[in-house]
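K.L.:
Next comes model19.pdb, PDB, C-alpha atoms:
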```pdb
MODEL        1
ATOM      1  CA  MET A   1      80.907-150.064-123.403
ATOM      2  CA  THR A   2      83.464-147.631-121.972
ATOM      3  CA  ALA A   3      87.251-147.872-122.352
ATOM      4  CA  ALA A   4      87.417-149.228-118.796
ATOM      5  CA  THR A   5      85.163-152.162-119.711
ATOM      6  CA  GLU A   6      86.863-153.086-122.980
ATOM      7  CA  ALA A   7      88.580-156.452-123.327
ATOM      8  CA  ALA A   8      92.331-156.739-122.842
ATOM      9  CA  SER A   9      94.769-156.193-125.695
ATOM     10  CA  LEU A  10      98.543-156.092-126.094
ATOM     11  CA  GLU A  11      98.426-152.298-126.079
ATOM     12  CA  ASN A  12      96.281-151.568-123.031
ATOM     13  CA  LEU A  13      98.768-152.577-120.327
ATOM     14  CA  ARG A  14      98.610-150.091-117.434
ATOM     15  CA  VAL A  15     101.859-149.649-115.477
ATOM     16  CA  LEU A  16     101.469-148.507-111.866
ATOM     17  CA  HIS A  17     105.124-148.581-110.800
ATOM     18  CA  GLN A  18     108.497-149.106-112.465
ATOM     19  CA  SER A  19     111.990-149.255-110.955
ATOM     20  CA  ASP A  20     115.255-151.048-111.649
ATOM     21  CA  ASP A  21     113.980-154.096-109.748
ATOM     22  CA  PHE A  22     110.204-154.215-110.205
ATOM     23  CA  ILE A  23     107.288-153.390-112.450
ATOM     24  CA  VAL A  24     103.785-153.338-110.980
ATOM     25  CA  VAL A  25     100.959-153.477-113.503
ATOM     26  CA  ASP A  26      97.201-153.144-113.186
ATOM     27  CA  LYS A  27      96.247-156.560-114.539
ATOM     28  CA  HIS A  28      93.207-156.573-116.765
ATOM     29  CA  TRP A  29      90.177-158.680-115.854
ATOM     30  CA  ASP A  30      89.741-161.952-117.788
ATOM     31  CA  LEU A  31      93.428-162.191-118.673
ATOM     32  CA  ARG A  32      95.911-164.938-117.889
ATOM     33  CA  ILE A  33      99.274-164.007-116.444
ATOM     34  CA  ASP A  34     101.071-166.455-118.707
ATOM     35  CA  SER A  35     100.331-169.569-120.716
ATOM     36  CA  LYS A  36     102.166-172.408-122.456
ATOM     37  CA  MET A  37      99.292-172.834-124.898
ATOM     38  CA  TRP A  38     100.190-171.640-128.404
ATOM     39  CA  TYR A  39      96.713-170.213-128.957
ATOM     40  CA  GLU A  40      96.896-167.974-125.844
ATOM     41  CA  LYS A  41      98.199-164.899-127.632
ATOM     42  CA  ASN A  42      97.022-162.320-125.114
ATOM     43  CA  THR A  43      98.547-162.620-121.625
ATOM     44  CA  VAL A  44     100.231-160.274-119.148
ATOM     45  CA  GLN A  45     103.526-161.841-120.198
ATOM     46  CA  ALA A  46     102.785-160.991-123.839
ATOM     47  CA  GLN A  47     101.805-157.439-122.885
ATOM     48  CA  LEU A  48     105.100-156.993-121.007
ATOM     49  CA  ARG A  49     107.130-158.333-123.946
ATOM     50  CA  HIS A  50     105.272-155.957-126.223
ATOM     51  CA  ARG A  51     105.833-152.905-123.966
ATOM     52  CA  PHE A  52     109.289-153.784-122.573
ATOM     53  CA  PRO A  53     111.054-156.074-125.073
ATOM     54  CA  LEU A  54     114.519-155.170-123.749
ATOM     55  CA  LEU A  55     113.602-156.080-120.164
ATOM     56  CA  ALA A  56     112.632-159.670-120.947
ATOM     57  CA  ASP A  57     115.071-162.166-119.396
ATOM     58  CA  PRO A  58     116.060-164.911-121.879
ATOM     59  CA  ASP A  59     117.006-167.181-118.957
ATOM     60  CA  THR A  60     113.353-167.496-117.887
ATOM     61  CA  TYR A  61     110.590-169.392-119.669
ATOM     62  CA  TYR A  62     108.182-166.442-119.784
ATOM     63  CA  GLY A  63     110.735-163.657-119.888
ATOM     64  CA  PHE A  64     109.448-162.079-116.671
ATOM     65  CA  ARG A  65     109.322-163.257-113.076
ATOM     66  CA  PHE A  66     105.841-162.903-111.542
ATOM     67  CA  CYS A  67     106.119-162.491-107.767
ATOM     68  CA  HIS A  68     102.582-163.696-107.007
ATOM     69  CA  GLN A  69      99.400-164.775-108.766
ATOM     70  CA  LEU A  70      96.026-163.271-109.615
ATOM     71  CA  ASP A  71      93.133-165.331-110.935
ATOM     72  CA  PHE A  72      92.199-165.092-114.607
ATOM     73  CA  SER A  73      89.043-163.159-113.688
ATOM     74  CA  THR A  74      90.667-160.855-111.101
ATOM     75  CA  SER A  75      92.116-157.456-111.989
ATOM     76  CA  GLY A  76      94.546-155.220-110.141
ATOM     77  CA  ALA A  77      98.059-154.808-108.793
ATOM     78  CA  LEU A  78     100.462-157.510-109.981
ATOM     79  CA  CYS A  79     104.169-157.348-109.158
ATOM     80  CA  VAL A  80     106.836-158.429-111.648
ATOM     81  CA  ALA A  81     110.504-158.781-110.683
ATOM     82  CA  LEU A  82     113.212-157.802-113.169
ATOM     83  CA  SER A  83     115.960-159.988-111.677
ATOM     84  CA  LYS A  84     116.359-163.240-109.797
ATOM     85  CA  ALA A  85     117.588-161.384-106.699
ATOM     86  CA  ALA A  86     114.594-159.028-106.710
ATOM     87  CA  ALA A  87     112.214-161.960-107.142
ATOM     88  CA  GLY A  88     113.787-163.656-104.121
ATOM     89  CA  ARG A  89     113.319-160.559-101.954
ATOM     90  CA  ALA A  90     109.669-160.246-102.952
ATOM     91  CA  TYR A  91     109.057-163.968-102.508
ATOM     92  CA  ARG A  92     110.287-163.789 -98.919
ATOM     93  CA  CYS A  93     107.664-161.127 -98.157
ATOM     94  CA  PHE A  94     104.905-163.478 -99.276
ATOM     95  CA  LYS A  95     106.479-166.521 -97.602
ATOM     96  CA  ASP A  96     106.949-164.694 -94.283
ATOM     97  CA  ARG A  97     103.481-163.112 -94.575
ATOM     98  CA  THR A  98     104.831-159.600 -94.299
ATOM     99  CA  ALA A  99     103.194-158.646 -97.599
ATOM    100  CA  THR A 100      99.898-156.750 -97.323
ATOM    101  CA  LYS A 101      97.212-157.181 -99.960
ATOM    102  CA  ALA A 102      93.729-155.686-100.050
ATOM    103  CA  TYR A 103      90.995-156.233-102.631
ATOM    104  CA  ILE A 104      87.871-154.296-103.504
ATOM    105  CA  ALA A 105      84.847-156.443-104.372
ATOM    106  CA  LEU A 106      81.145-156.181-105.046
ATOM    107  CA  LEU A 107      79.195-158.879-103.221
ATOM    108  CA  ARG A 108      75.663-160.117-103.766
ATOM    109  CA  GLY A 109      73.246-159.020-101.038
ATOM    110  CA  TRP A 110      73.714-156.605 -98.160
ATOM    111  CA  VAL A 111      76.396-157.728 -95.716
ATOM    112  CA  GLU A 112      75.045-157.216 -92.191
ATOM    113  CA  GLU A 113      78.327-157.151 -90.235
ATOM    114  CA  GLU A 114      80.295-154.053 -91.191
ATOM    115  CA  ASN A 115      83.576-155.625 -90.055
ATOM    116  CA  ARG A 116      84.238-159.319 -89.602
ATOM    117  CA  THR A 117      86.880-162.017 -89.840
ATOM    118  CA  ILE A 118      85.921-164.916 -92.101
ATOM    119  CA  GLU A 119      87.512-168.186 -90.989
ATOM    120  CA  PHE A 120      86.915-171.320 -93.032
ATOM    121  CA  SER A 121      89.471-173.994 -93.826
ATOM    122  CA  ILE A 122      89.762-174.390 -97.599
ATOM    123  CA  GLY A 123      90.774-177.443 -99.620
ATOM    124  CA  LYS A 124      90.627-178.805-103.133
ATOM    125  CA  THR A 125      87.454-180.487-104.306
ATOM    126  CA  SER A 126      87.545-183.963-105.777
ATOM    127  CA  THR A 127      83.926-183.803-106.946
ATOM    128  CA  GLU A 128      83.596-184.805-110.584
ATOM    129  CA  GLY A 129      83.453-181.818-112.900
ATOM    130  CA  LYS A 130      84.755-179.413-110.212
ATOM    131  CA  ALA A 131      88.450-180.300-110.153
ATOM    132  CA  HIS A 132      89.386-176.667-110.833
ATOM    133  CA  MET A 133      87.442-175.439-107.783
ATOM    134  CA  MET A 134      88.186-175.093-104.074
ATOM    135  CA  CYS A 135      85.789-175.771-101.207
ATOM    136  CA  ILE A 136      85.395-175.281 -97.464
ATOM    137  CA  GLU A 137      86.069-178.025 -94.942
ATOM    138  CA  GLY A 138      83.049-180.264 -94.515
ATOM    139  CA  SER A 139      81.947-179.974 -98.137
ATOM    140  CA  ASP A 140      81.584-183.157-100.172
ATOM    141  CA  GLY A 141      84.923-184.133-101.682
ATOM    142  CA  CYS A 142      86.960-181.506 -99.820
ATOM    143  CA  GLU A 143      90.576-182.665 -99.663
ATOM    144  CA  ASN A 144      93.519-181.343 -97.623
ATOM    145  CA  PRO A 145      91.753-178.344 -96.062
ATOM    146  CA  LYS A 146      93.990-175.662 -94.549
ATOM    147  CA  ALA A 147      93.044-172.885 -92.132
ATOM    148  CA  CYS A 148      92.343-169.567 -93.902
ATOM    149  CA  GLN A 149      91.426-166.083 -92.709
ATOM    150  CA  THR A 150      89.986-163.062 -94.502
ATOM    151  CA  GLU A 151      89.213-159.646 -93.027
ATOM    152  CA  LEU A 152      86.085-158.015 -94.481
ATOM    153  CA  SER A 153      85.193-154.327 -94.156
ATOM    154  CA  VAL A 154      82.034-152.861 -95.686
ATOM    155  CA  LEU A 155      82.523-149.731 -97.786
ATOM    156  CA  GLU A 156      79.139-149.091 -99.430
ATOM    157  CA  TYR A 157      75.639-150.515 -99.714
ATOM    158  CA  GLY A 158      73.779-150.269-102.982
ATOM    159  CA  THR A 159      72.354-152.242-105.872
ATOM    160  CA  TYR A 160      73.825-153.970-108.888
ATOM    161  CA  ASP A 161      71.437-154.246-111.833
ATOM    162  CA  GLY A 162      68.581-153.635-109.414
ATOM    163  CA  GLU A 163      69.604-156.305-106.887
ATOM    164  CA  PRO A 164      71.107-155.623-103.403
ATOM    165  CA  ALA A 165      74.912-155.485-103.432
ATOM    166  CA  THR A 166      77.705-154.444-101.059
ATOM    167  CA  LYS A 167      81.098-152.978-101.866
ATOM    168  CA  VAL A 168      83.728-154.316 -99.476
ATOM    169  CA  LEU A 169      87.463-154.266 -98.795
ATOM    170  CA  LEU A 170      88.907-157.755 -98.358
ATOM    171  CA  GLU A 171      92.276-158.478 -96.771
ATOM    172  CA  PRO A 172      93.461-162.086 -97.111
ATOM    173  CA  LEU A 173      95.551-163.006 -94.071
ATOM    174  CA  THR A 174      96.447-166.317 -95.721
ATOM    175  CA  GLY A 175      97.050-167.158 -99.359
ATOM    176  CA  ARG A 176      94.968-170.161-100.402
ATOM    177  CA  THR A 177      93.863-170.477-104.056
ATOM    178  CA  HIS A 178      90.480-168.764-104.673
ATOM    179  CA  GLN A 179      90.350-167.883-100.967
ATOM    180  CA  LEU A 180      88.344-164.658-101.287
ATOM    181  CA  ARG A 181      85.873-166.153-103.726
ATOM    182  CA  VAL A 182      85.295-169.232-101.569
ATOM    183  CA  HIS A 183      85.056-167.269 -98.310
ATOM    184  CA  CYS A 184      82.560-164.766 -99.693
ATOM    185  CA  SER A 185      80.454-167.543-101.138
ATOM    186  CA  ALA A 186      80.617-169.453 -97.835
ATOM    187  CA  VAL A 187      79.100-166.535 -95.873
ATOM    188  CA  GLY A 188      76.255-166.213 -98.353
ATOM    189  CA  HIS A 189      77.570-163.202-100.276
ATOM    190  CA  PRO A 190      79.275-164.437-103.468
ATOM    191  CA  ILE A 191      81.213-161.988-105.591
ATOM    192  CA  VAL A 192      79.144-160.379-108.333
ATOM    193  CA  GLY A 193      79.935-162.019-111.672
ATOM    194  CA  ASP A 194      81.738-165.047-110.206
ATOM    195  CA  PHE A 195      80.714-167.518-112.889
ATOM    196  CA  THR A 196      82.668-170.428-111.388
ATOM    197  CA  TYR A 197      81.433-170.324-107.786
ATOM    198  CA  SER A 198      77.862-169.509-108.807
ATOM    199  CA  LEU A 199      78.028-172.732-110.872
ATOM    200  CA  GLY A 200      77.470-170.761-114.063
ATOM    201  CA  VAL A 201      74.415-168.840-112.851
ATOM    202  CA  ASP A 202      75.945-165.364-112.361
ATOM    203  CA  ASP A 203      76.873-164.709-115.979
ATOM    204  CA  ALA A 204      75.204-161.355-116.721
ATOM    205  CA  PRO A 205      77.923-158.904-115.495
ATOM    206  CA  TYR A 206      80.692-158.104-117.950
ATOM    207  CA  ARG A 207      83.327-159.298-115.439
ATOM    208  CA  MET A 208      83.847-160.757-111.960
ATOM    209  CA  MET A 209      83.886-157.843-109.502
ATOM    210  CA  LEU A 210      87.128-158.585-107.641
ATOM    211  CA  HIS A 211      90.070-156.183-107.876
ATOM    212  CA  ALA A 212      93.512-156.239-106.219
ATOM    213  CA  HIS A 213      93.521-152.660-104.928
ATOM    214  CA  LEU A 214      96.559-152.531-102.614
ATOM    215  CA  LEU A 215      99.938-154.248-102.658
ATOM    216  CA  ARG A 216     102.531-153.468 -99.990
ATOM    217  CA  LEU A 217     105.902-155.238 -99.769
ATOM    218  CA  PRO A 218     108.255-154.185 -96.921
ATOM    219  CA  LEU A 219     111.386-154.584 -99.038
ATOM    220  CA  GLU A 220     114.834-153.324 -98.146
ATOM    221  CA  PRO A 221     116.067-150.698 -98.665
ATOM    222  CA  HIS A 222     112.832-149.244-100.100
ATOM    223  CA  LEU A 223     109.205-150.087 -99.321
ATOM    224  CA  LEU A 224     107.095-151.037-102.354
ATOM    225  CA  GLN A 225     103.513-149.809-101.976
ATOM    226  CA  VAL A 226     101.069-149.446-104.861
ATOM    227  CA  THR A 227      97.316-148.942-105.234
ATOM    228  CA  ALA A 228      95.394-149.818-108.361
ATOM    229  CA  GLY A 229      92.403-147.521-108.127
ATOM    230  CA  ASP A 230      88.756-148.552-107.783
ATOM    231  CA  PRO A 231      87.106-149.873-110.957
ATOM    232  CA  PHE A 232      83.676-150.366-109.352
ATOM    233  CA  LEU A 233      82.226-146.912-109.863
ATOM    234  CA  PRO A 234      78.893-145.869-111.438
ATOM    235  CA  TYR A 235      80.539-144.018-114.320
ATOM    236  CA  VAL A 236      82.443-147.218-115.203
ATOM    237  CA  ASP A 237      79.515-149.584-114.791
ATOM    238  CA  PRO A 238      76.126-147.807-114.398
ATOM    239  CA  LYS A 239      74.568-151.048-113.114
ATOM    240  CA  TRP A 240      76.313-150.395-109.787
ATOM    241  CA  LEU A 241      74.420-147.751-107.832
ATOM    242  CA  PRO A 242      75.742-146.893-104.342
ATOM    243  CA  GLN A 243      73.046-145.870-101.855
ATOM    244  CA  ARG A 244      74.854-145.545 -98.523
ATOM    245  CA  THR A 245      78.578-145.030 -97.954
ATOM    246  CA  LEU A 246      80.187-146.101 -94.671
ATOM    247  CA  ARG A 247      83.771-145.284 -95.636
ATOM    248  CA  THR A 248      85.786-144.716 -98.779
ATOM    249  CA  ALA A 249      88.306-147.248-100.042
ATOM    250  CA  GLU A 250      91.026-144.676 -99.332
ATOM    251  CA  ASP A 251      89.975-144.339 -95.685
ATOM    252  CA  ALA A 252      89.748-148.098 -95.248
ATOM    253  CA  VAL A 253      93.209-148.604 -96.761
ATOM    254  CA  GLU A 254      94.673-145.818 -94.604
ATOM    255  CA  SER A 255      93.275-147.519 -91.498
ATOM    256  CA  LEU A 256      94.679-150.850 -92.648
ATOM    257  CA  LEU A 257      98.126-149.368 -93.292
ATOM    258  CA  ASP A 258      98.111-147.678 -89.870
ATOM    259  CA  SER A 259      97.432-151.077 -88.324
ATOM    260  CA  VAL A 260     100.226-152.681 -90.372
ATOM    261  CA  ALA A 261     102.667-149.922 -89.380
ATOM    262  CA  ALA A 262     101.762-150.375 -85.702
ATOM    263  CA  LYS A 263     102.375-154.132 -85.932
ATOM    264  CA  GLU A 264     105.700-153.587 -87.680
ATOM    265  CA  GLU A 265     106.741-151.085 -85.008
ATOM    266  CA  GLN A 266     105.785-153.568 -82.288
ATOM    267  CA  LEU A 267     107.774-156.346 -83.979
ATOM    268  CA  GLU A 268     110.747-154.020 -84.382
ATOM    269  CA  ASN A 269     110.584-153.047 -80.704
ATOM    270  CA  GLU A 270     110.354-156.715 -79.706
ATOM    271  CA  LYS A 271     113.358-157.476 -81.906
ATOM    272  CA  LYS A 272     115.373-154.648 -80.316
ATOM    273  CA  TRP A 273     114.362-155.830 -76.830
ATOM    274  CA  LYS A 274     115.487-159.389 -77.607
ATOM    275  CA  GLU A 275     118.777-158.103 -79.002
ATOM    276  CA  ALA A 276     119.298-155.951 -75.884
ATOM    277  CA  GLU A 277     118.485-158.907 -73.643
ATOM    278  CA  GLU A 278     120.948-161.043 -75.551
ATOM    279  CA  GLU A 279     123.631-158.369 -75.149
ATOM    280  CA  ARG A 280     122.896-158.136 -71.415
ATOM    281  CA  ARG A 281     123.048-161.917 -71.116
ATOM    282  CA  LYS A 282     126.374-161.983 -72.923
ATOM    283  CA  GLY A 283     127.640-159.126 -70.733
ATOM    284  CA  LYS A 284     126.686-160.957 -67.537
ATOM    285  CA  LYS A 285     128.305-164.132 -68.796
ATOM    286  CA  LYS A 286     131.464-162.247 -69.707
ATOM    287  CA  LYS A 287     131.501-160.471 -66.341
ATOM    288  CA  LYS A 288     131.042-163.781 -64.547
ATOM    289  CA  LYS A 289     133.899-165.348 -66.487
ATOM    290  CA  LYS A 290     136.080-162.342 -65.681
ATOM    291  CA  ALA A 291     135.267-162.633 -61.970
ATOM    292  CA  GLU A 292     135.971-166.363 -62.051
ATOM    293  CA  SER A 293     139.259-165.714 -63.840
ATOM    294  CA  GLU A 294     140.262-163.075 -61.298
ATOM    295  CA  GLU A 295     139.438-165.444 -58.429
ATOM    296  CA  GLN A 296     141.491-168.202 -60.042
ATOM    297  CA  ASN A 297     144.410-165.806 -60.452
ATOM    298  CA  ARG A 298     144.155-164.780 -56.790
ATOM    299  CA  LEU A 299     144.122-168.378 -55.628
ATOM    300  CA  CYS A 300     147.054-169.154 -57.916
ATOM    301  CA  GLN A 301     149.014-166.210 -56.522
ATOM    302  CA  ASP A 302     148.252-167.265 -52.935
ATOM    303  CA  TRP A 303     149.441-170.790 -53.715
ATOM    304  CA  LEU A 304     152.632-169.507 -55.355
ATOM    305  CA  SER A 305     153.294-167.261 -52.383
ATOM    306  CA  GLU A 306     152.882-170.153 -49.966
ATOM    307  CA  TRP A 307     154.959-172.485 -52.136
ATOM    308  CA  GLY A 308     157.724-169.928 -52.583
ATOM    309  CA  GLY A 309     157.974-169.375 -48.782
ATOM    310  CA  GLU A 310     158.801-172.998 -47.909
TER     311      GLU A 310
ENDMDL
END
```
I need this file expressed as structure tokens, please.

P.N.:
Amino acid sequence: MTAATEAASLENLRVLHQSDDFIVVDKHWDLRIDSKMWYEKNTVQAQLRHRFPLLADPDTYYGFRFCHQLDFSTSGALCVALSKAAAGRAYRCFKDRTATKAYIALLRGWVEEENRTIEFSIGKTSTEGKAHMMCIEGSDGCENPKACQTELSVLEYGTYDGEPATKVLLEPLTGRTHQLRVHCSAVGHPIVGDFTYSLGVDDAPYRMMLHAHLLRLPLEPHLLQVTAGDPFLPYVDPKWLPQRTLRTAEDAVESLLDSVAAKEEQLENEKKWKEAEEERRKGKKKKKKKAESEEQNRLCQDWLSEWGGE
């Protein structure tokens, strides 16, 4: 076992970004963000307290404000706010869906479509023994399904432990619990090592192969953009053997960010156009009022002239 595949500890917290307002860490796989259970000694919250004891906020239950969530089994970029104001700014990015997240994953089988949009409504399952799971609309016991979208882009084809596997970049366009895991399973390509959604069958890999690679928050005044590397490499886990590369994760992320920048520019141009239209509308209204006022003054003067001449 290499250092990259070792279990989490209080000491092996990896910090990707630190500023006065935020810390972004590379969350370890199989690690809870926080826990109220006394026996849960090892969490991201505990790691942060250990590394940054003076930054813990006594006014919060956990000491740190987590801006979003990652599953217990998922690794990668996790943003932590260091003040209530900073947390509010980050939260608005997620609420308004201006945040951009991209995950790297290894999927079972070879994905035929190199680029596709996965669209399945996802809800909670009421099936006995599966209360912690989510499901797609139409499944037995699926409750309160909501529309969800995920963009999938193939990076590499290869094998994992001798079986066909595909490395992909996943961009969730919505934020439903377990969305990526459920969507990948629904299209017949579950994530390698996903014990839960394989119903306990896929238990040989040392971890679930899902990693939060990119986090981008368009905050003011400074953009927050962080990448958390690629942990699914042969020198990390020799069971993964790439055979054909379509694009690198870096190229795929660059293309994604170009698309995001283009959309932001379009929205900004639309905003400026609306503001200009509003100014023109106000100008016309003001000009009309001025003309009406001048006409009223003229009529008043004519009346006074006539009245004064009698």

K.L.:
Taking only C-alpha atoms into account, which of A:Val25, A:Cys93, A:Leu215, A:Leu107 comes nearest A:Glu163?

P.N.:
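Answer, going by the shortest atom-to-atom distance: A:Leu107.
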
K.L.:
For atom CA of A:Tyr91 and atom CA of A:Ala77, quote the distance in Å rounded to one decimal.

P.N.:
15.6 Å

K.L.:
For a test of reading the model, state the distance in Å between atom CA of A:Leu217 and atom CA of A:Asn12, rounded to one decimal.

P.N.:
25.4 Å

K.L.:
Calculated over all atoms listed in the file, which of the candidates A:Phe72, A:Tyr61, A:Phe120, A:Phe22 has the smallest distance to A:Thr174?

P.N.:
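Of the candidates, the smallest distance to A:Thr174 is held by A:Phe120.
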
K.L.:
Show me the residues close to (71.9, -153.8, -103.9) - anything with an atom within 12 Å, counting only C-alpha atoms - and format the list as a PDB file with C-alpha atoms, in the frame of the given file.

P.N.:
```pdb
ATOM      1  CA  LEU A 106      81.145-156.181-105.046  1.00  0.00           C
ATOM      2  CA  LEU A 107      79.195-158.879-103.221  1.00  0.00           C
ATOM      3  CA  ARG A 108      75.663-160.117-103.766  1.00  0.00           C
ATOM      4  CA  GLY A 109      73.246-159.020-101.038  1.00  0.00           C
ATOM      5  CA  TRP A 110      73.714-156.605 -98.160  1.00  0.00           C
ATOM      6  CA  VAL A 111      76.396-157.728 -95.716  1.00  0.00           C
ATOM      7  CA  GLU A 156      79.139-149.091 -99.430  1.00  0.00           C
ATOM      8  CA  TYR A 157      75.639-150.515 -99.714  1.00  0.00           C
ATOM      9  CA  GLY A 158      73.779-150.269-102.982  1.00  0.00           C
ATOM     10  CA  THR A 159      72.354-152.242-105.872  1.00  0.00           C
ATOM     11  CA  TYR A 160      73.825-153.970-108.888  1.00  0.00           C
ATOM     12  CA  ASP A 161      71.437-154.246-111.833  1.00  0.00           C
ATOM     13  CA  GLY A 162      68.581-153.635-109.414  1.00  0.00           C
ATOM     14  CA  GLU A 163      69.604-156.305-106.887  1.00  0.00           C
ATOM     15  CA  PRO A 164      71.107-155.623-103.403  1.00  0.00           C
ATOM     16  CA  ALA A 165      74.912-155.485-103.432  1.00  0.00           C
ATOM     17  CA  THR A 166      77.705-154.444-101.059  1.00  0.00           C
ATOM     18  CA  LYS A 167      81.098-152.978-101.866  1.00  0.00           C
ATOM     19  CA  HIS A 189      77.570-163.202-100.276  1.00  0.00           C
ATOM     20  CA  VAL A 192      79.144-160.379-108.333  1.00  0.00           C
ATOM     21  CA  LYS A 239      74.568-151.048-113.114  1.00  0.00           C
ATOM     22  CA  TRP A 240      76.313-150.395-109.787  1.00  0.00           C
ATOM     23  CA  LEU A 241      74.420-147.751-107.832  1.00  0.00           C
ATOM     24  CA  PRO A 242      75.742-146.893-104.342  1.00  0.00           C
ATOM     25  CA  GLN A 243      73.046-145.870-101.855  1.00  0.00           C
ATOM     26  CA  ARG A 244      74.854-145.545 -98.523  1.00  0.00           C
TER      27      ARG A 244
END
```

K.L.:
Nearest to A:His50 among A:Leu13, A:Ala252, A:Ile122, A:Ala212, with distances taken over all atoms listed in the file: which residue is it?

P.N.:
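Of all the options, A:Leu13 lies closest to A:His50.
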
K.L.:
So that I can check the surroundings of A:Ser83, please list as a ChimeraX atom specification every protein, DNA and RNA residue that reaches within 9 Å of it, counting all atoms listed in the file and ignoring chain neighbours fewer than 2 positions away.

P.N.:
/A:20-22,57,64-65,81,85-88

K.L.:
Could you save the residues just selected, with C-alpha atoms, as a compact mmCIF listing (two decimals), keeping the file's coordinate frame?

P.N.:
```txt
# COMPACT_ATOMS: atom_id res chain seq x y z
CA ASP A 20 115.26 -151.05 -111.65
CA ASP A 21 113.98 -154.10 -109.75
CA PHE A 22 110.20 -154.22 -110.20
CA ASP A 57 115.07 -162.17 -119.40
CA PHE A 64 109.45 -162.08 -116.67
CA ARG A 65 109.32 -163.26 -113.08
CA ALA A 81 110.50 -158.78 -110.68
CA ALA A 85 117.59 -161.38 -106.70
CA ALA A 86 114.59 -159.03 -106.71
CA ALA A 87 112.21 -161.96 -107.14
CA GLY A 88 113.79 -163.66 -104.12
```

K.L.:
What would the selection look like, as a PDB file with C-alpha atoms, in the frame of the given file, if the PyMOL selection byres ((chain A and resi 181) around 8) were run on the coordinates I just shared?

P.N.:
```pdb
ATOM      1  CA  HIS A 178      90.480-168.764-104.673  1.00  0.00           C
ATOM      2  CA  GLN A 179      90.350-167.883-100.967  1.00  0.00           C
ATOM      3  CA  LEU A 180      88.344-164.658-101.287  1.00  0.00           C
ATOM      4  CA  VAL A 182      85.295-169.232-101.569  1.00  0.00           C
ATOM      5  CA  HIS A 183      85.056-167.269 -98.310  1.00  0.00           C
ATOM      6  CA  CYS A 184      82.560-164.766 -99.693  1.00  0.00           C
ATOM      7  CA  SER A 185      80.454-167.543-101.138  1.00  0.00           C
ATOM      8  CA  PRO A 190      79.275-164.437-103.468  1.00  0.00           C
ATOM      9  CA  ILE A 191      81.213-161.988-105.591  1.00  0.00           C
ATOM     10  CA  ASP A 194      81.738-165.047-110.206  1.00  0.00           C
ATOM     11  CA  TYR A 197      81.433-170.324-107.786  1.00  0.00           C
TER      12      TYR A 197
END
```

K.L.:
In Å to one decimal, how far is atom CA of A:Ala147 from atom CA of A:Asp30?

P.N.:
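If I compute the distance from atom CA of A:Asp30 to atom CA of A:Ala147, I get 28.1 Å.
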
K.L.:
Neighbours of A:His132 within 12 Å (only C-alpha atoms; same-chain residues fewer than 6 positions away dropped), as a JSON list (two decimals) with C-alpha atoms, in the frame of the given file?

P.N.:
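What ended up in selection34.json:
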```json
[["chain", "number", "residue", "atom", "x", "y", "z"],
["A", 71, "ASP", "CA", 93.13, -165.33, -110.94],
["A", 123, "GLY", "CA", 90.77, -177.44, -99.62],
["A", 124, "LYS", "CA", 90.63, -178.80, -103.13],
["A", 125, "THR", "CA", 87.45, -180.49, -104.31],
["A", 126, "SER", "CA", 87.54, -183.96, -105.78],
["A", 177, "THR", "CA", 93.86, -170.48, -104.06],
["A", 178, "HIS", "CA", 90.48, -168.76, -104.67],
["A", 196, "THR", "CA", 82.67, -170.43, -111.39],
["A", 197, "TYR", "CA", 81.43, -170.32, -107.79]]
```

K.L.:
Identify all residues satisfying the PyMOL selection byres ((chain A and resi 26) around 7) in the given file; provide them as a list in words.

P.N.:
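Taken on the displayed file, the PyMOL selection byres ((chain A and resi 26) around 7) yields the residues Arg14, Val15, Leu16, Val24, Val25, Lys27, His28, Ser75, Gly76, Ala77, Leu78 and Ala228 of chain A.
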
K.L.:
My list of candidates is A:Ala105, A:Ile118, A:Ile136, A:Ala7. Which is closest to A:Leu155 when distances are computed with all atoms listed in the file?

P.N.:
A:Ala105

K.L.:
Report, as lines of an AutoDock Vina configuration file, the centre and edge lengths in Å (one decimal) of the axis-aligned box enclosing every listed atom of stretch 119-131 of chain A, padded by 6 Å on each side.

P.N.:
```
center_x = 87.1
center_y = -176.5
center_z = -101.9
size_x = 19.3
size_y = 28.6
size_z = 33.9
```
